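Participant: Dropping in work_6.cif, with mmCIF, C-alpha atoms and all ligand atoms.
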```cif
data_start
#
loop_
_atom_site.group_PDB
_atom_site.id
_atom_site.type_symbol
_atom_site.label_atom_id
_atom_site.label_comp_id
_atom_site.auth_asym_id
_atom_site.auth_seq_id
_atom_site.Cartn_x
_atom_site.Cartn_y
_atom_site.Cartn_z
ATOM 1 C CA MET A 1 125.305 102.173 4.573
ATOM 2 C CA GLU A 2 126.608 103.616 7.817
ATOM 3 C CA LYS A 3 130.221 104.101 8.180
ATOM 4 C CA PRO A 4 131.741 101.838 10.697
ATOM 5 C CA THR A 5 133.278 103.602 13.618
ATOM 6 C CA GLU A 6 135.672 102.424 16.255
ATOM 7 C CA GLU A 7 132.815 102.494 18.706
ATOM 8 C CA GLY A 8 130.488 100.623 16.399
ATOM 9 C CA ARG A 9 132.941 97.883 15.890
ATOM 10 C CA VAL A 10 133.244 97.407 19.500
ATOM 11 C CA ARG A 11 129.500 97.378 19.770
ATOM 12 C CA ARG A 12 129.086 94.951 16.886
ATOM 13 C CA GLY A 13 131.934 92.917 18.232
ATOM 14 C CA PHE A 14 129.771 92.216 21.295
ATOM 15 C CA ASN A 15 129.957 88.444 21.933
ATOM 16 C CA LEU A 16 130.498 85.966 24.737
ATOM 17 C CA ARG A 17 134.189 85.905 24.352
ATOM 18 C CA ASN A 18 134.377 89.657 24.642
ATOM 19 C CA LEU A 19 131.998 89.580 27.581
ATOM 20 C CA ASN A 20 134.061 86.914 29.284
ATOM 21 C CA ARG A 21 137.126 88.898 28.784
ATOM 22 C CA LYS A 22 135.590 92.118 29.927
ATOM 23 C CA TYR A 23 133.579 90.730 32.900
ATOM 24 C CA PRO A 24 135.263 87.521 34.110
ATOM 25 C CA TRP A 25 133.040 87.337 37.283
ATOM 26 C CA LEU A 26 129.896 87.267 35.167
ATOM 27 C CA LYS A 27 130.255 83.552 34.431
ATOM 28 C CA ILE A 28 130.435 82.770 38.125
ATOM 29 C CA LEU A 29 127.376 84.931 38.728
ATOM 30 C CA VAL A 30 125.378 83.056 36.071
ATOM 31 C CA VAL A 31 126.390 79.701 37.506
ATOM 32 C CA ILE A 32 125.382 80.851 40.989
ATOM 33 C CA LEU A 33 122.037 82.120 39.687
ATOM 34 C CA MET A 34 121.353 78.837 37.927
ATOM 35 C CA VAL A 35 122.211 76.825 40.983
ATOM 36 C CA GLU A 36 119.956 79.048 43.077
ATOM 37 C CA LEU A 37 117.138 78.673 40.586
ATOM 38 C CA LEU A 38 117.522 74.917 40.482
ATOM 39 C CA ALA A 39 117.690 74.687 44.241
ATOM 40 C CA GLY A 40 114.659 76.956 44.580
ATOM 41 C CA LEU A 41 112.636 74.769 42.261
ATOM 42 C CA MET A 42 113.857 71.370 43.324
ATOM 43 C CA LEU A 43 114.511 71.594 47.047
ATOM 44 C CA PRO A 44 110.975 71.925 48.298
ATOM 45 C CA ARG A 45 109.917 69.002 46.094
ATOM 46 C CA LEU A 46 112.774 66.876 47.360
ATOM 47 C CA ILE A 47 112.110 67.788 50.965
ATOM 48 C CA GLU A 48 108.473 67.124 50.490
ATOM 49 C CA ASN A 49 109.198 63.705 49.119
ATOM 50 C CA GLY A 50 111.421 63.041 52.038
ATOM 51 C CA MET A 51 114.461 62.609 49.852
ATOM 52 C CA ILE A 52 116.269 65.313 51.683
ATOM 53 C CA ARG A 53 115.788 65.548 55.388
ATOM 54 C CA LEU A 54 117.136 68.742 56.603
ATOM 55 C CA GLU A 55 117.877 68.431 60.222
ATOM 56 C CA PHE A 56 116.385 71.749 61.175
ATOM 57 C CA LEU A 57 113.161 71.027 59.320
ATOM 58 C CA THR A 58 112.781 67.637 60.979
ATOM 59 C CA GLU A 59 113.374 69.209 64.347
ATOM 60 C CA ALA A 60 110.844 71.900 63.658
ATOM 61 C CA ARG A 61 108.319 69.356 62.535
ATOM 62 C CA MET A 62 108.976 67.197 65.585
ATOM 63 C CA GLU A 63 108.594 70.223 67.800
ATOM 64 C CA ASN A 64 105.343 70.972 66.059
ATOM 65 C CA GLU A 65 104.059 67.444 66.396
ATOM 66 C CA LYS A 66 105.015 67.343 70.036
ATOM 67 C CA LYS A 67 103.144 70.558 70.614
ATOM 68 C CA LYS A 68 100.140 69.218 68.763
ATOM 69 C CA MET A 69 100.226 65.991 70.724
ATOM 70 C CA GLU A 70 100.447 67.895 73.972
ATOM 71 C CA GLU A 71 97.548 70.062 72.948
ATOM 72 C CA GLU A 72 95.548 66.985 72.047
ATOM 73 C CA LYS A 73 96.495 65.355 75.320
ATOM 74 C CA SER A 74 95.505 68.345 77.375
ATOM 75 C CA ALA A 75 92.258 68.611 75.414
ATOM 76 C CA GLN A 76 91.662 64.944 76.079
ATOM 77 C CA GLN A 77 92.455 65.390 79.742
ATOM 78 C CA LYS A 78 90.077 68.305 79.944
ATOM 79 C CA GLU A 79 87.408 66.217 78.281
ATOM 80 C CA MET A 80 88.068 63.349 80.695
ATOM 81 C CA GLU A 81 87.947 65.712 83.671
ATOM 82 C CA LYS A 82 84.666 67.098 82.383
ATOM 83 C CA GLU A 83 83.338 63.584 81.913
ATOM 84 C CA ARG A 84 84.474 62.607 85.415
ATOM 85 C CA LEU A 85 82.812 65.628 86.997
ATOM 86 C CA LYS A 86 79.640 64.936 85.058
ATOM 87 C CA LYS A 87 79.687 61.338 86.230
ATOM 88 C CA GLU A 88 80.324 62.402 89.801
ATOM 89 C CA ARG A 89 77.429 64.808 89.648
ATOM 90 C CA LEU A 90 75.212 62.083 88.224
ATOM 91 C CA THR A 91 76.349 59.613 90.881
ATOM 92 C CA GLU A 92 75.626 62.170 93.564
ATOM 93 C CA GLU A 93 72.219 62.907 92.049
ATOM 94 C CA GLU A 94 71.550 59.193 91.759
ATOM 95 C CA ARG A 95 72.575 58.684 95.383
ATOM 96 C CA LEU A 96 70.296 61.464 96.574
ATOM 97 C CA ARG A 97 67.450 60.196 94.448
ATOM 98 C CA LYS A 98 67.875 56.671 95.804
ATOM 99 C CA GLU A 99 68.047 57.969 99.360
ATOM 100 C CA GLU A 100 64.831 59.917 98.822
ATOM 101 C CA GLU A 101 63.181 56.883 97.286
ATOM 102 C CA ARG A 102 64.282 54.750 100.202
ATOM 103 C CA LEU A 103 62.911 57.230 102.762
ATOM 104 C CA GLU A 104 59.653 57.447 100.865
ATOM 105 C CA ARG A 105 59.431 53.682 100.656
ATOM 106 C CA GLU A 106 60.131 53.379 104.378
ATOM 107 C CA ARG A 107 57.474 55.978 105.105
ATOM 108 C CA GLN A 108 54.971 54.149 102.932
ATOM 109 C CA GLN A 109 55.945 50.821 104.452
ATOM 110 C CA LYS A 110 55.536 52.225 107.933
ATOM 111 C CA LEU A 111 52.174 53.714 107.030
ATOM 112 C CA GLY A 112 51.179 50.469 105.343
ATOM 113 C CA ARG A 113 52.354 48.457 108.311
ATOM 114 C CA GLU A 114 50.518 50.669 110.793
ATOM 115 C CA ALA A 115 47.341 50.600 108.739
ATOM 116 C CA ARG A 116 47.602 46.842 108.355
ATOM 117 C CA MET A 117 48.232 46.321 112.097
ATOM 118 C CA GLU A 118 45.267 48.530 112.882
ATOM 119 C CA GLU A 119 43.114 46.488 110.553
ATOM 120 C CA LEU A 120 44.488 43.190 111.901
ATOM 121 C CA ARG A 121 43.887 44.176 115.521
ATOM 122 C CA LYS A 122 40.236 44.782 114.762
ATOM 123 C CA LYS A 123 39.873 41.703 112.620
ATOM 124 C CA THR A 124 41.683 39.258 114.910
ATOM 125 C CA THR A 125 40.342 40.176 118.328
ATOM 126 C CA GLY A 126 39.432 36.930 120.029
ATOM 127 C CA LYS A 127 40.555 34.919 117.039
ATOM 128 C CA LYS A 128 43.160 32.207 116.733
ATOM 129 C CA LEU A 129 46.338 33.237 114.959
ATOM 130 C CA VAL A 130 48.923 31.382 112.919
ATOM 131 C CA ALA A 131 51.970 32.331 110.882
ATOM 132 C CA LEU A 132 53.043 30.370 107.835
ATOM 133 C CA SER A 133 56.748 30.529 107.069
ATOM 134 C CA PHE A 134 58.636 29.303 104.020
ATOM 135 C CA ASP A 135 62.368 28.531 104.069
ATOM 136 C CA ASP A 136 65.236 28.129 101.602
ATOM 137 C CA GLY A 137 63.870 30.235 98.704
ATOM 138 C CA PRO A 138 63.358 32.300 96.783
ATOM 139 C CA ASN A 139 63.256 30.344 93.559
ATOM 140 C CA LEU A 140 60.843 29.846 90.677
ATOM 141 C CA GLU A 141 58.427 27.754 92.799
ATOM 142 C CA THR A 142 58.069 30.842 94.987
ATOM 143 C CA LEU A 143 56.347 32.610 92.092
ATOM 144 C CA ARG A 144 53.615 29.975 92.031
ATOM 145 C CA LEU A 145 53.226 30.289 95.799
ATOM 146 C CA LEU A 146 53.008 34.085 95.496
ATOM 147 C CA ASN A 147 50.174 33.685 92.999
ATOM 148 C CA ILE A 148 48.251 31.454 95.419
ATOM 149 C CA LEU A 149 48.832 33.803 98.358
ATOM 150 C CA LYS A 150 47.814 36.827 96.322
ATOM 151 C CA GLU A 151 44.583 35.200 95.254
ATOM 152 C CA ARG A 152 43.747 34.286 98.854
ATOM 153 C CA GLU A 153 44.965 37.668 100.181
ATOM 154 C CA ILE A 154 47.302 36.030 102.648
ATOM 155 C CA ARG A 155 50.673 37.290 103.831
ATOM 156 C CA THR A 156 53.438 35.014 105.027
ATOM 157 C CA THR A 157 57.075 35.112 106.081
ATOM 158 C CA PHE A 158 59.921 33.972 103.832
ATOM 159 C CA PHE A 159 63.225 32.986 105.409
ATOM 160 C CA VAL A 160 65.463 33.345 102.379
ATOM 161 C CA LEU A 161 68.973 32.184 101.595
ATOM 162 C CA GLY A 162 71.433 34.874 100.555
ATOM 163 C CA ARG A 163 72.580 32.883 97.546
ATOM 164 C CA ASN A 164 69.002 32.525 96.306
ATOM 165 C CA LEU A 165 68.286 36.168 96.951
ATOM 166 C CA GLU A 166 71.145 36.902 94.572
ATOM 167 C CA ARG A 167 69.836 34.459 91.986
ATOM 168 C CA PHE A 168 66.161 35.499 92.124
ATOM 169 C CA PRO A 169 66.139 39.123 93.273
ATOM 170 C CA GLU A 170 62.978 39.887 91.309
ATOM 171 C CA VAL A 171 61.041 37.115 93.035
ATOM 172 C CA ALA A 172 62.106 38.470 96.429
ATOM 173 C CA LYS A 173 61.185 42.010 95.416
ATOM 174 C CA ARG A 174 57.771 40.856 94.289
ATOM 175 C CA ALA A 175 57.180 39.033 97.593
ATOM 176 C CA LEU A 176 58.095 42.163 99.521
ATOM 177 C CA ALA A 177 55.958 44.385 97.302
ATOM 178 C CA GLU A 178 52.978 42.097 97.882
ATOM 179 C CA GLY A 179 53.200 42.580 101.633
ATOM 180 C CA HIS A 180 55.070 39.457 102.662
ATOM 181 C CA GLU A 181 57.826 39.480 105.223
ATOM 182 C CA LEU A 182 61.375 38.513 104.202
ATOM 183 C CA GLN A 183 63.941 37.437 106.760
ATOM 184 C CA SER A 184 67.344 35.790 106.867
ATOM 185 C CA HIS A 185 68.001 32.065 106.679
ATOM 186 C CA SER A 186 71.805 32.550 106.226
ATOM 187 C CA VAL A 187 73.780 32.939 103.004
ATOM 188 C CA HIS A 188 74.572 29.317 102.105
ATOM 189 C CA HIS A 189 72.481 27.253 104.545
ATOM 190 C CA ASP A 190 75.604 26.357 106.515
ATOM 191 C CA ASP A 191 75.275 25.172 110.096
ATOM 192 C CA LEU A 192 76.060 28.437 111.879
ATOM 193 C CA SER A 193 76.173 26.663 115.246
ATOM 194 C CA LYS A 194 79.416 24.965 114.172
ATOM 195 C CA MET A 195 81.035 28.225 113.129
ATOM 196 C CA LYS A 196 83.508 30.414 114.936
ATOM 197 C CA VAL A 197 82.742 34.034 115.630
ATOM 198 C CA GLU A 198 84.202 35.250 112.288
ATOM 199 C CA GLY A 199 81.928 32.936 110.304
ATOM 200 C CA VAL A 200 78.800 33.931 112.213
ATOM 201 C CA LEU A 201 79.580 37.623 111.845
ATOM 202 C CA TRP A 202 80.447 37.256 108.180
ATOM 203 C CA ASP A 203 77.094 35.608 107.492
ATOM 204 C CA GLU A 204 75.204 38.336 109.293
ATOM 205 C CA ARG A 205 77.128 41.082 107.511
ATOM 206 C CA ARG A 206 76.668 39.476 104.099
ATOM 207 C CA MET A 207 72.921 38.984 104.629
ATOM 208 C CA ASN A 208 72.601 42.622 105.668
ATOM 209 C CA GLU A 209 74.416 43.663 102.484
ATOM 210 C CA LEU A 210 72.285 41.511 100.204
ATOM 211 C CA PHE A 211 69.023 42.550 101.856
ATOM 212 C CA TRP A 212 70.043 46.164 101.655
ATOM 213 C CA GLN A 213 71.083 45.968 98.004
ATOM 214 C CA ILE A 214 68.105 44.005 96.788
ATOM 215 C CA LEU A 215 65.263 44.925 99.144
ATOM 216 C CA GLY A 216 66.397 48.242 100.634
ATOM 217 C CA GLN A 217 65.999 46.949 104.182
ATOM 218 C CA LYS A 218 67.825 44.707 106.613
ATOM 219 C CA PRO A 219 66.541 41.439 108.080
ATOM 220 C CA THR A 220 65.318 41.721 111.661
ATOM 221 C CA MET A 221 65.404 38.012 112.482
ATOM 222 C CA LEU A 222 67.327 34.905 111.488
ATOM 223 C CA ARG A 223 66.017 31.415 111.157
ATOM 224 C CA PRO A 224 69.122 29.312 111.823
ATOM 225 C CA PRO A 225 69.630 26.522 109.261
ATOM 226 C CA TYR A 226 68.620 23.119 110.740
ATOM 227 C CA GLY A 227 67.344 25.052 113.754
ATOM 228 C CA ALA A 228 70.865 24.703 115.123
ATOM 229 C CA ILE A 229 71.885 27.364 117.619
ATOM 230 C CA SER A 230 75.147 27.756 119.549
ATOM 231 C CA GLN A 231 75.805 29.863 122.630
ATOM 232 C CA LEU A 232 78.101 31.927 120.414
ATOM 233 C CA MET A 233 75.201 32.787 118.103
ATOM 234 C CA TYR A 234 73.142 34.118 121.002
ATOM 235 C CA GLN A 235 76.100 36.237 122.034
ATOM 236 C CA THR A 236 77.288 37.574 118.687
ATOM 237 C CA MET A 237 74.235 37.937 116.459
ATOM 238 C CA SER A 238 72.605 41.337 116.511
ATOM 239 C CA ILE A 239 69.136 40.022 115.615
ATOM 240 C CA PRO A 240 66.860 37.501 117.376
ATOM 241 C CA LEU A 241 66.518 33.916 116.211
ATOM 242 C CA MET A 242 63.201 32.591 114.962
ATOM 243 C CA LEU A 243 62.459 28.873 115.066
ATOM 244 C CA TRP A 244 59.072 27.202 114.495
ATOM 245 C CA SER A 245 56.488 25.235 116.412
ATOM 246 C CA VAL A 246 54.757 23.211 113.711
ATOM 247 C CA ASP A 247 57.017 21.271 111.385
ATOM 248 C CA SER A 248 55.270 20.228 108.185
ATOM 249 C CA GLU A 249 58.259 17.957 107.378
ATOM 250 C CA ASP A 250 57.482 18.796 103.779
ATOM 251 C CA TRP A 251 61.114 18.198 102.793
ATOM 252 C CA LYS A 252 60.666 14.557 103.871
ATOM 253 C CA PHE A 253 57.134 13.869 102.645
ATOM 254 C CA ARG A 254 57.026 15.114 99.102
ATOM 255 C CA ASN A 255 53.285 14.621 99.020
ATOM 256 C CA SER A 256 50.946 17.576 99.323
ATOM 257 C CA GLU A 257 48.132 15.625 101.027
ATOM 258 C CA VAL A 258 50.496 14.256 103.679
ATOM 259 C CA VAL A 259 51.952 17.720 104.279
ATOM 260 C CA ARG A 260 48.470 19.226 104.582
ATOM 261 C CA ALA A 261 47.419 16.530 107.064
ATOM 262 C CA LYS A 262 50.568 17.011 109.170
ATOM 263 C CA VAL A 263 49.957 20.747 109.507
ATOM 264 C CA ARG A 264 46.278 20.263 110.317
ATOM 265 C CA ALA A 265 47.106 17.709 113.027
ATOM 266 C CA SER A 266 49.689 19.879 114.836
ATOM 267 C CA MET A 267 48.022 23.273 114.577
ATOM 268 C CA PHE A 268 47.528 25.468 117.653
ATOM 269 C CA ASP A 269 46.836 29.110 118.395
ATOM 270 C CA GLY A 270 50.028 31.172 118.029
ATOM 271 C CA ALA A 271 51.929 28.546 116.049
ATOM 272 C CA VAL A 272 54.666 29.284 113.540
ATOM 273 C CA VAL A 273 54.484 26.716 110.726
ATOM 274 C CA LEU A 274 57.652 25.641 108.941
ATOM 275 C CA MET A 275 57.455 24.818 105.228
ATOM 276 C CA HIS A 276 59.780 25.086 102.199
ATOM 277 C CA ASP A 277 58.787 26.964 99.059
ATOM 278 C CA ILE A 278 61.421 25.134 97.006
ATOM 279 C CA HIS A 279 59.406 21.906 96.750
ATOM 280 C CA PRO A 280 56.494 21.861 94.274
ATOM 281 C CA THR A 281 54.585 19.467 96.561
ATOM 282 C CA SER A 282 54.808 22.003 99.396
ATOM 283 C CA VAL A 283 53.427 24.767 97.207
ATOM 284 C CA ASP A 284 50.680 22.370 96.060
ATOM 285 C CA ALA A 285 49.751 21.805 99.715
ATOM 286 C CA VAL A 286 49.249 25.497 100.494
ATOM 287 C CA PRO A 287 45.679 26.034 99.167
ATOM 288 C CA GLY A 288 44.441 23.064 101.225
ATOM 289 C CA ILE A 289 46.307 24.254 104.325
ATOM 290 C CA ILE A 290 44.777 27.723 103.979
ATOM 291 C CA ASP A 291 41.307 26.158 103.662
ATOM 292 C CA ASP A 292 41.893 24.056 106.788
ATOM 293 C CA LEU A 293 43.147 26.998 108.820
ATOM 294 C CA ILE A 294 40.294 29.280 107.845
ATOM 295 C CA MET A 295 37.812 26.485 108.535
ATOM 296 C CA GLY A 296 39.477 26.036 111.915
ATOM 297 C CA GLY A 297 38.920 29.722 112.728
ATOM 298 C CA TYR A 298 42.496 30.896 112.257
ATOM 299 C CA GLU A 299 43.710 34.203 110.935
ATOM 300 C CA ILE A 300 46.924 33.803 108.925
ATOM 301 C CA VAL A 301 49.545 36.530 109.491
ATOM 302 C CA THR A 302 53.286 37.010 109.163
ATOM 303 C CA VAL A 303 55.665 36.043 111.973
ATOM 304 C CA SER A 304 56.297 39.673 112.994
ATOM 305 C CA GLU A 305 52.586 40.415 112.950
ATOM 306 C CA LEU A 306 51.895 37.357 115.050
ATOM 307 C CA ALA A 307 54.442 38.514 117.653
ATOM 308 C CA GLU A 308 53.073 42.048 117.693
ATOM 309 C CA LEU A 309 49.438 40.919 117.882
ATOM 310 C CA ARG A 310 50.397 38.764 120.856
ATOM 311 C CA GLY A 311 51.883 41.764 122.594
ATOM 312 C CA VAL A 312 55.563 41.122 121.918
ATOM 313 C CA LYS A 313 56.555 44.644 120.944
ATOM 314 C CA SER A 314 60.070 43.827 119.881
ATOM 315 C CA LEU A 315 61.885 40.551 119.574
ATOM 316 C CA GLU A 316 65.108 40.607 121.548
ATOM 317 C CA LYS A 317 68.512 39.593 120.283
ATOM 318 C CA GLY A 318 70.074 36.773 122.233
ATOM 319 C CA TYR A 319 66.766 34.881 122.266
ATOM 320 C CA ALA A 320 65.113 32.269 120.084
ATOM 321 C CA TYR A 321 61.361 32.259 119.525
ATOM 322 C CA GLY A 322 59.131 29.506 118.194
ATOM 323 C CA SER A 323 55.511 30.397 118.926
ATOM 324 C CA PHE A 324 53.363 33.231 120.281
ATOM 325 C CA ALA A 325 50.524 31.610 122.174
ATOM 326 C CA PRO A 326 47.930 33.909 123.755
HETATM 327 NI NI NI A 401 66.480 25.591 105.632
#
```
Written as structure tokens, how would this file's structure read?
Facilitator:
Amino acid sequence: MEKPTEEGRVRRGFNLRNLNRKYPWLKILVVILMVELLAGLMLPRLIENGMIRLEFLTEARMENEKKKMEEEKSAQQKEMEKERLKKERLTEEERLRKEEERLERERQQKLGREARMEELRKKTTGKKLVALSFDDGPNLETLRLLNILKEREIRTTFFVLGRNLERFPEVAKRALAEGHELQSHSVHHDDLSKMKVEGVLWDERRMNELFWQILGQKPTMLRPPYGAISQLMYQTMSIPLMLWSVDSEDWKFRNSEVVRAKVRASMFDGAVVLMHDIHPTSVDAVPGIIDDLIMGGYEIVTVSELAELRGVKSLEKGYAYGSFAP
């Protein structure tokens, strides 16, 4: 057994009380350490759970979110700008493509027209001529008429209403593609002769727009609704007016045999025949009328062709025409 020494006693006497006495600040240190430890473990959890919102953290997060939002916004803006430029490029390309198509179509039309006129001049020398014209369409009856005309290889002139052009653009396009002539008969079939200058000009402008949009060309003549013409129309309209010289009165006699007989009775060389492709009875009358005309030695052409074949190079604005006798 070791002999206890003064030193040993002190060493063995090592206990909390002694420690406290010897190092009084140690207790405070331990408490601080424990608090630190607790805080270190607990704080992040508490903050995470949103139980403690430290102002500086919230601010930092808000700053962060703001930055992120701004980044997103600028990215979005960049994307939108890119999209806009792409669209603009496409629109420009589309515009150019359409312009090219239009020029090509015009070239083809001109070639087609010239070739057709050449052919007609040869074919019609010394022959009687007549133009059939159909008003107030296009509509679904027009399709049936187009079938008849196609089968008989006959071209006619359609004086269309703007409102029907809007409703049946495909019918109008088909008529044009099959070599028929399309001209204006006003937008709503209003009596233009009762209108003031604004109304007359509006109608002309609107018809130009619709023709341009749907057919890629402008009308070059107007058939005034009811055949009504005012002095103002002669003065303000930029295209000539086209009336008729044989009235089938098909709107009154809804009977194809009567209509056919009326046309046959009033026919003459250079006549422009007025009919309406909105009445089924009128369309029904067409095959018989064609038979009669061919039997009578007539060549059936469009109104413009009739004028040109009769030596009227261009129809003048400020005038109304109704027939082109030799
Ligand atoms: Ni009419």
Participant: Closest to Ser230 in chain A among A:Gly318, A:Lys252, A:Ala265, A:Lys73, using all atoms listed in the file?
Facilitator: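 Ranking A:Gly318, A:Lys252, A:Ala265, A:Lys73 by distance to Ser230 in chain A, first place goes to A:Gly318.
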Participant: Please write as number ranges by chain the full residue list that the PyMOL selection byres (((chain A and resi 279-289) around 6) and not hetatm) yields on this file.
Facilitator: A: 145, 254-256, 260, 277-278, 290-292
Participant: What gap, in Å, lies between CA of Lys128 in chain A and CA of Lys150 in chain A?
Facilitator: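 Distance reported for this atom pair: 21.4 Å.
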Participant: Quick one, how far is CA of Lys173 in chain A from CA of Glu106 in chain A?
Facilitator: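 Here the two named atoms are 14.5 Å from each other.
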Participant: Here is a test: counting only C-alpha atoms, which residue of A:Glu119, A:Glu166, A:Glu209, A:Glu151 is nearest to Pro138 in chain A?
Facilitator: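 Nearest to Pro138 in chain A: A:Glu166.
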Participant: Measuring between all atoms listed in the file, which one of A:Thr142, A:Gln109, A:Thr236, A:Ser133 shows the shortest distance to ligand NI 401 (chain A)?
Facilitator: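 Closest candidate: A:Ser133.
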Participant: Show me which residues line ligand NI 401 (chain A), defined as having an atom within 12 Å of a ligand atom where only C-alpha atoms and all ligand atoms count, and present them as a PyMOL selection string.
Facilitator: chain A and resi 133-138+158-162+164+184-192+222-228+243-244+247+249-251+274-279
Participant: Rounded to one decimal in Å, what is the spacing between CA of Glu299 in chain A and CA of Ala131 in chain A?
Facilitator: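 Computed distance, CA of Glu299 in chain A to CA of Ala131 in chain A, equals 8.5 Å.
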Participant: I'd like the neighbourhood of Ala175 in chain A as a ChimeraX atom specification, where a residue qualifies if any of its atoms comes within 12 Å (using only C-alpha atoms), though same-chain residues fewer than 3 positions away should be ignored.
Facilitator: /A:134,137-139,142-150,154-160,165,168-172,178-183,215
Participant: Give me, as a PyMOL selection string, all polymer residues having an atom no more than 9 Å from Arg310 in chain A, counting all atoms listed in the file and skipping those fewer than 6 positions away in the same chain.
Facilitator: chain A and resi 270+324-326
Participant: Restricting the calculation to all atoms listed in the file: of A:Leu232, A:Leu129, A:Leu43, A:Met69, which residue gets closest to Leu306 in chain A?
Facilitator: A:Leu129
Participant: Expanded to explicit residues, what is the PyMOL selection byres (((chain A and resi 127) around 9) and not hetatm) for this file, as a tab-separated table (two decimals) with C-alpha atoms, in the coordinates of the input?
Facilitator:
```
chain	number	residue	atom	x	y	z
A	123	LYS	CA	39.87	41.70	112.62
A	124	THR	CA	41.68	39.26	114.91
A	125	THR	CA	40.34	40.18	118.33
A	126	GLY	CA	39.43	36.93	120.03
A	128	LYS	CA	43.16	32.21	116.73
A	129	LEU	CA	46.34	33.24	114.96
A	269	ASP	CA	46.84	29.11	118.40
A	297	GLY	CA	38.92	29.72	112.73
A	298	TYR	CA	42.50	30.90	112.26
A	299	GLU	CA	43.71	34.20	110.94
```
Participant: Within 12 Å of (79.4, 36.6, 110.7) (coordinates as in the file), grab all the protein and nucleic acid residues, counting all atoms listed in the file, and write them out as a list of chain:residue names.
Facilitator: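 Selection result: A:Ser186, A:Val187, A:Asp190, A:Leu192, A:Ser193, A:Met195, A:Lys196, A:Val197, A:Glu198, A:Gly199, A:Val200, A:Leu201, A:Trp202, A:Asp203, A:Glu204, A:Arg205, A:Arg206, A:Met207, A:Asn208, A:Glu209, A:Leu232, A:Met233, A:Gln235, A:Thr236, A:Met237, A:Ser238, A:Ile239.
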Participant: Restore N, CA and C atoms in range 64-76 of chain A and list the result as a PDB file, in the frame of the given file.
Facilitator:
```
ATOM      1  N   ASN A  64     106.736  70.681  66.394  1.00  0.00           N
ATOM      2  CA  ASN A  64     105.343  70.972  66.059  1.00  0.00           C
ATOM      3  C   ASN A  64     104.420  69.824  66.466  1.00  0.00           C
ATOM      4  N   GLU A  65     104.875  68.619  66.090  1.00  0.00           N
ATOM      5  CA  GLU A  65     104.059  67.444  66.396  1.00  0.00           C
ATOM      6  C   GLU A  65     103.917  67.245  67.895  1.00  0.00           C
ATOM      7  N   LYS A  66     105.036  67.493  68.583  1.00  0.00           N
ATOM      8  CA  LYS A  66     105.015  67.343  70.036  1.00  0.00           C
ATOM      9  C   LYS A  66     103.996  68.317  70.638  1.00  0.00           C
ATOM     10  N   LYS A  67     104.058  69.538  70.109  1.00  0.00           N
ATOM     11  CA  LYS A  67     103.144  70.558  70.614  1.00  0.00           C
ATOM     12  C   LYS A  67     101.694  70.136  70.356  1.00  0.00           C
ATOM     13  N   LYS A  68     101.496  69.637  69.139  1.00  0.00           N
ATOM     14  CA  LYS A  68     100.140  69.218  68.763  1.00  0.00           C
ATOM     15  C   LYS A  68      99.649  68.079  69.662  1.00  0.00           C
ATOM     16  N   MET A  69     100.588  67.126  69.881  1.00  0.00           N
ATOM     17  CA  MET A  69     100.226  65.991  70.724  1.00  0.00           C
ATOM     18  C   MET A  69      99.891  66.449  72.142  1.00  0.00           C
ATOM     19  N   GLU A  70     100.694  67.387  72.625  1.00  0.00           N
ATOM     20  CA  GLU A  70     100.447  67.895  73.972  1.00  0.00           C
ATOM     21  C   GLU A  70      99.103  68.595  74.044  1.00  0.00           C
ATOM     22  N   GLU A  71      98.843  69.367  72.989  1.00  0.00           N
ATOM     23  CA  GLU A  71      97.548  70.062  72.948  1.00  0.00           C
ATOM     24  C   GLU A  71      96.400  69.056  72.960  1.00  0.00           C
ATOM     25  N   GLU A  72      96.576  68.023  72.109  1.00  0.00           N
ATOM     26  CA  GLU A  72      95.548  66.985  72.047  1.00  0.00           C
ATOM     27  C   GLU A  72      95.367  66.310  73.394  1.00  0.00           C
ATOM     28  N   LYS A  73      96.531  66.039  74.034  1.00  0.00           N
ATOM     29  CA  LYS A  73      96.495  65.355  75.320  1.00  0.00           C
ATOM     30  C   LYS A  73      95.774  66.209  76.360  1.00  0.00           C
ATOM     31  N   SER A  74      96.124  67.474  76.355  1.00  0.00           N
ATOM     32  CA  SER A  74      95.505  68.345  77.375  1.00  0.00           C
ATOM     33  C   SER A  74      94.022  68.503  77.082  1.00  0.00           C
ATOM     34  N   ALA A  75      93.680  68.540  75.780  1.00  0.00           N
ATOM     35  CA  ALA A  75      92.258  68.611  75.414  1.00  0.00           C
ATOM     36  C   ALA A  75      91.533  67.354  75.877  1.00  0.00           C
ATOM     37  N   GLN A  76      92.232  66.235  75.674  1.00  0.00           N
ATOM     38  CA  GLN A  76      91.662  64.944  76.079  1.00  0.00           C
ATOM     39  C   GLN A  76      91.477  64.904  77.596  1.00  0.00           C
TER      40      GLN A  76
END
```
